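What follows is work_37.cif (mmCIF, C-alpha atoms and all ligand atoms).
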```
data_structure
#
loop_
_atom_site.label_atom_id
_atom_site.label_comp_id
_atom_site.auth_asym_id
_atom_site.auth_seq_id
_atom_site.Cartn_x
_atom_site.Cartn_y
_atom_site.Cartn_z
CA MET A 1 101.59 87.01 17.78
CA ILE A 2 101.32 90.17 15.76
CA ALA A 3 99.18 93.27 16.28
CA TYR A 4 95.42 92.66 16.02
CA GLN A 5 95.95 88.92 15.62
CA ARG A 6 93.01 86.84 16.82
CA LEU A 7 92.82 83.05 16.82
CA VAL A 8 90.20 80.62 18.11
CA ASN A 9 89.92 76.85 17.87
CA ASN A 10 87.01 75.10 16.18
CA ASP A 11 84.93 75.43 19.38
CA ASN A 12 85.43 79.23 19.29
CA ILE A 13 87.81 79.10 22.27
CA GLU A 14 90.62 81.65 22.05
CA VAL A 15 94.11 80.22 21.50
CA LEU A 16 96.53 81.83 23.97
CA LEU A 17 99.28 83.54 21.94
CA PHE A 18 102.71 84.88 22.94
CA PRO A 19 102.18 88.65 23.43
CA LEU A 20 105.15 90.01 21.41
CA ASP A 21 105.90 89.74 17.68
CA VAL A 22 109.52 88.95 18.63
CA MET A 23 110.97 86.75 21.37
CA TYR A 24 114.22 87.67 23.05
CA ILE A 25 114.49 86.28 26.59
CA THR A 26 116.87 88.20 28.85
CA GLN A 27 116.02 86.26 32.01
CA GLY A 28 114.45 82.81 32.00
CA GLU A 29 113.05 80.59 34.71
CA ASN A 30 114.86 80.62 38.06
CA GLY A 31 116.66 83.78 36.98
CA SER A 32 118.81 85.42 39.61
CA ILE A 33 116.57 88.45 40.03
CA SER A 34 113.19 87.66 41.56
CA HIS A 35 112.25 84.88 39.15
CA SER A 36 110.83 81.39 39.45
CA LEU A 37 108.51 80.69 36.50
CA ALA A 38 108.34 84.29 35.26
CA MET A 39 110.52 85.46 32.38
CA ASP A 40 111.83 88.79 31.06
CA PHE A 41 111.62 89.80 27.41
CA VAL A 42 112.96 92.75 25.42
CA GLY A 43 111.93 94.32 22.14
CA TYR A 44 114.34 93.31 19.40
CA SER A 45 115.11 93.47 15.70
CA SER A 46 118.06 92.46 13.54
CA ASN A 47 119.60 95.84 14.49
CA GLY A 48 119.47 95.07 18.22
CA GLN A 49 117.30 95.94 21.18
CA ILE A 50 114.34 98.31 20.88
CA SER A 51 112.99 100.11 23.94
CA THR A 52 109.31 100.83 24.63
CA TYR A 53 108.41 97.85 22.46
CA PRO A 54 104.68 97.03 22.09
CA PHE A 55 102.98 93.81 23.14
CA TYR A 56 99.44 92.62 22.61
CA ALA A 57 96.65 90.89 24.54
CA PRO A 58 97.31 87.12 24.22
CA CYS A 59 93.57 86.50 24.64
CA THR A 60 90.67 88.73 25.64
CA LEU A 61 91.55 90.03 29.10
CA VAL A 62 89.98 91.86 32.03
CA CYS A 63 92.21 94.06 34.19
CA VAL A 64 91.77 92.84 37.79
CA ASP A 65 94.65 94.42 39.75
CA LYS A 66 97.18 97.21 39.36
CA ASN A 67 99.95 98.44 41.67
CA TYR A 68 102.28 101.33 40.88
CA ASN A 69 103.07 102.19 44.52
CA ASN A 70 106.21 101.63 46.64
CA GLY A 71 108.47 100.73 43.72
CA GLN A 72 105.97 98.27 42.26
CA ALA A 73 104.92 98.51 38.61
CA TYR A 74 102.59 95.64 37.76
CA ILE A 75 99.17 95.03 36.26
CA VAL A 76 97.22 91.78 36.59
CA TYR A 77 94.76 90.56 33.95
CA GLU A 78 92.44 87.56 33.90
CA SER A 79 91.22 85.92 30.72
CA LYS A 80 87.60 86.90 30.12
CA ASN A 81 86.74 83.30 29.21
CA LYS A 82 88.46 79.93 29.27
CA VAL A 83 91.27 79.74 26.69
CA LEU A 84 93.38 77.04 25.03
CA LEU A 85 96.84 76.84 26.60
CA ALA A 86 99.95 75.53 24.84
CA ASN A 87 99.90 72.40 27.05
CA GLY A 88 96.42 71.58 25.69
CA ASP A 89 94.49 72.61 28.81
CA ILE A 90 91.36 74.71 28.48
CA ASP A 91 91.07 77.01 31.49
CA TYR A 92 91.06 80.59 32.68
CA ILE A 93 94.49 82.19 32.92
CA THR A 94 95.90 85.08 34.93
CA ILE A 95 98.82 87.14 33.63
CA VAL A 96 101.00 89.73 35.34
CA VAL A 97 102.86 92.29 33.23
CA MET A 98 105.48 94.55 34.80
CA HIS A 99 107.57 97.67 34.12
CA ASP A 100 105.33 99.53 31.60
CA ASN A 101 106.05 103.25 32.09
CA SER A 102 102.71 104.34 30.63
CA PRO A 103 100.15 101.69 31.54
CA ILE A 104 97.07 102.00 29.34
CA TYR A 105 94.50 100.11 31.39
CA ASN A 106 92.86 100.25 34.79
CA ILE A 107 90.96 97.72 36.87
CA GLY A 108 87.75 96.72 35.08
CA ASP A 109 89.00 97.47 31.55
CA VAL A 110 88.55 94.78 28.90
CA VAL A 111 91.24 94.28 26.23
CA LEU A 112 90.37 92.18 23.18
CA GLN A 113 92.76 89.53 21.93
CA GLY A 114 95.31 91.22 19.63
CA GLU A 115 94.80 94.75 20.92
CA LEU A 116 97.74 96.74 22.29
CA LEU A 117 98.27 95.65 25.92
CA GLY A 118 101.35 97.66 26.83
CA HIS A 119 105.04 98.33 26.21
CA THR A 120 108.38 97.24 27.60
CA GLY A 121 109.70 99.81 30.06
CA THR A 122 111.74 100.73 33.09
CA ALA A 123 109.07 101.31 35.76
CA GLY A 124 109.64 99.55 39.08
CA TYR A 125 112.60 97.35 39.99
CA VAL A 126 114.61 96.92 36.74
CA THR A 127 118.12 96.90 35.36
CA GLY A 128 116.98 97.98 31.87
CA ASP A 129 114.02 98.30 29.49
CA HIS A 130 112.05 95.02 29.35
CA THR A 131 108.75 93.40 30.19
CA HIS A 132 108.13 90.66 32.74
CA PHE A 133 105.42 88.04 32.25
CA ASN A 134 104.12 85.60 34.84
CA VAL A 135 101.16 83.37 33.94
CA ALA A 136 98.99 81.33 36.32
CA LYS A 137 96.36 78.73 35.54
CA GLY A 138 92.87 79.74 36.62
CA LYS A 139 91.46 83.01 37.86
CA TYR A 140 93.48 85.44 39.98
CA GLN A 141 94.37 83.75 43.31
CA GLY A 142 96.86 86.35 44.54
CA TRP A 143 100.61 85.98 45.15
CA GLN A 144 102.95 83.56 46.87
CA SER A 145 106.37 84.44 48.29
CA LEU A 146 109.51 83.15 46.58
CA GLY A 147 111.34 83.45 49.90
CA ASN A 148 113.74 86.17 48.71
CA GLY A 149 111.48 89.17 49.19
CA PHE A 150 109.84 88.64 45.79
CA SER A 151 106.57 86.95 44.82
CA GLU A 152 104.87 85.27 41.90
CA LEU A 153 101.28 84.33 41.14
CA VAL A 154 99.65 81.41 42.97
CA ASN A 155 99.30 78.49 40.49
CA SER A 156 102.05 79.88 38.21
CA ILE A 157 102.89 77.74 35.18
CA HIS A 158 105.73 77.55 32.65
CA LEU A 159 105.26 80.23 30.01
CA TYR A 160 105.95 77.62 27.30
CA ASP A 161 102.97 75.64 28.68
CA ALA A 162 100.84 78.78 28.33
CA PHE A 163 101.65 80.64 25.10
CA TYR A 164 101.65 79.38 21.52
CA ILE A 165 104.32 81.26 19.57
CA ASN A 166 102.54 81.48 16.20
CA ASP A 167 103.88 84.39 14.07
CA THR A 168 106.47 85.48 16.65
CA VAL A 169 110.01 85.95 15.26
CA ILE A 170 112.40 84.05 17.54
CA TYR A 171 115.77 85.61 18.46
CA ASN A 172 116.40 83.90 21.81
CA ASP A 173 113.99 81.28 23.17
CA ASN A 174 116.35 79.96 25.88
CA GLY A 175 115.92 76.48 24.41
CA TYR A 176 112.49 75.94 25.97
CA ALA A 177 109.93 73.71 24.22
CA TRP A 178 107.74 76.48 22.79
CA LYS A 179 104.90 75.25 20.55
CA LYS A 180 102.92 76.60 17.63
CA TYR A 181 99.17 75.99 17.34
CA ASP A 182 98.47 74.05 14.18
CA GLY A 183 95.00 74.92 12.97
CA GLY A 184 92.40 77.24 14.34
CA VAL A 185 90.38 79.87 12.58
CA LEU A 186 89.98 83.60 12.70
CA PRO A 187 86.88 84.57 14.66
CA PRO A 188 84.05 85.38 12.20
CA THR A 189 83.46 89.01 13.22
CA PRO A 190 85.79 90.77 15.61
CA PRO A 191 83.61 92.47 18.22
CA PRO A 192 83.82 96.27 18.18
CA VAL A 193 86.05 98.03 20.70
CA TYR A 194 83.86 99.44 23.43
CA LYS A 195 85.82 102.68 23.92
CA LYS A 196 85.61 103.54 20.23
CA GLU A 197 81.95 102.61 19.97
CA ALA A 198 80.68 105.94 21.33
CA LYS A 199 82.62 107.94 18.72
CA LYS A 200 81.46 105.70 15.90
CA PHE A 201 77.85 106.09 17.00
CA LYS A 202 78.08 109.90 17.07
CA TRP A 203 79.57 109.92 13.60
CA VAL A 204 76.75 107.77 12.24
CA VAL A 205 74.19 110.11 13.80
CA TYR A 206 76.06 113.12 12.39
CA THR A 207 76.18 111.55 8.92
CA ARG A 208 72.49 110.80 9.06
CA LEU A 209 71.71 114.35 10.22
CA TYR A 210 73.85 115.78 7.44
CA LYS A 211 72.16 113.57 4.86
CA SER A 212 68.67 114.46 6.07
CA ARG A 213 69.56 118.18 6.01
CA LYS A 214 70.94 117.82 2.52
CA ILE A 215 67.75 116.08 1.41
CA ALA A 216 65.65 118.81 3.08
CA TYR A 217 67.73 121.47 1.30
CA PHE A 218 67.22 119.86 -2.11
CA ASN A 219 63.52 119.32 -1.40
CA ASN A 220 63.18 123.03 -0.59
CA LYS A 221 65.04 123.90 -3.76
CA LEU A 222 62.72 121.67 -5.76
CA LYS A 223 59.68 123.27 -4.12
CA ARG A 224 60.96 126.74 -5.06
CA LYS A 225 61.30 125.66 -8.65
ZN ZN A 301 111.40 89.97 35.56
#
```
Rewritten as C-alpha cells:
Amino acid sequence: MIAYQRLVNNDNIEVLLFPLDVMYITQGENGSISHSLAMDFVGYSSNGQISTYPFYAPCTLVCVDKNYNNGQAYIVYESKNKVLLANGDIDYITIVVMHDNSPIYNIGDVVLQGELLGHTGTAGYVTGDHTHFNVAKGKYQGWQSLGNGFSELVNSIHLYDAFYINDTVIYNDNGYAWKKYDGGVLPPTPPPVYKKEAKKFKWVVYTRLYKSRKIAYFNNKLKRK
C-alpha cells in the first residue's frame, strides 16, 4: 500500500493491505531468530536499504497493547471492524509491530486505514533497522510461547494469507504466494482524523469571528457615511 491509501470491497469492508510501499523480507517464516509465522521487513529503494522507513495502517486499527519495558519494543493493534483478508476470510485481525524507536500511538488510539502507523527501527532485540509483523485472525487473544524464549500471537496466520500487496513495489517476497485484490472501491468520504478535528474546528470559529468582525467594521463605516 501507499500513504493514505484506503480500499474497501463492495460491502464497504476494508481490504487488508500490506503496510509498506516496498517489500523486502530479511527474515521469513521459521526464521532463526524468534520467528514462526512473523516476518521482518526493511525499507528499501533501488539504491539499497533505507532506515526509519514509514509504514501505514493496513486497515483502521485500535491500539490495544504496548510494551517498551525489559528489552521489549512492541505495539499490538486490533482491526476496528471485520476486514477482508488475502485468503478471502472476513474477520477481525490483530497485528503486532516491533522495533519502532519513536512509537506514535498509545493504547486506545485509533489509526485510520492508510495513516502513518510507524517506522522501521532498532528498538528492542534486533540485529539492524527493520520492522517485524505478526498477524493473528480475530481479536487480541494474547501470546503463545514458541519454546525458545520467544512468543507470537495466539491464532497467528501466514502474512500472505492476511495482506493484499496492491501498490507495493516488490524487491524480495521470499517466493511466498502474495496476492493482489482485484476490484474494490475507494471509500466515499474518508472520515476526518479525530486528533486534527479540534484544530480545524477552532480555525472555522476563528474565520467566522474574523468575518463577522469585518462585516461589523464595514457596517460601522457605512453608518458613519
Ligand atoms: Zn522479527
Residue among A:Asn101, A:Thr60, A:Ser156, A:Asn106 lying closest to Glu14 in chain A, counting all atoms listed in the file
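Comparing A:Asn101, A:Thr60, A:Ser156, A:Asn106 against Glu14 in chain A, the winner is A:Thr60.
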To check your reading of the model: which residues sit at most 8 Å from ligand ZN 301 (chain A) when counting only C-alpha atoms and all ligand atoms? Write the answer as a ChimeraX atom specification.
/A:27,33-35,38-40,98,126,131-133
Find the residues near range 113-121 of chain A: any atom within 9 Å, counting only C-alpha atoms, skip ones fewer than 6 places away on the same chain, and give them as a PyMOL selection string.
chain A and resi 1-7+14+16-17+19+41-43+51-61+97-105+128-132
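For the pair CA of Gln141 in chain A and CA of Lys82 in chain A, the separation is 15.7 Å.
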Using all atoms listed in the file, can you tell me which of A:Tyr68, A:Tyr92, A:Tyr171, A:Tyr74 comes closest to Glu152 in chain A?
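Among A:Tyr68, A:Tyr92, A:Tyr171, A:Tyr74, it is A:Tyr74 that comes nearest to Glu152 in chain A.
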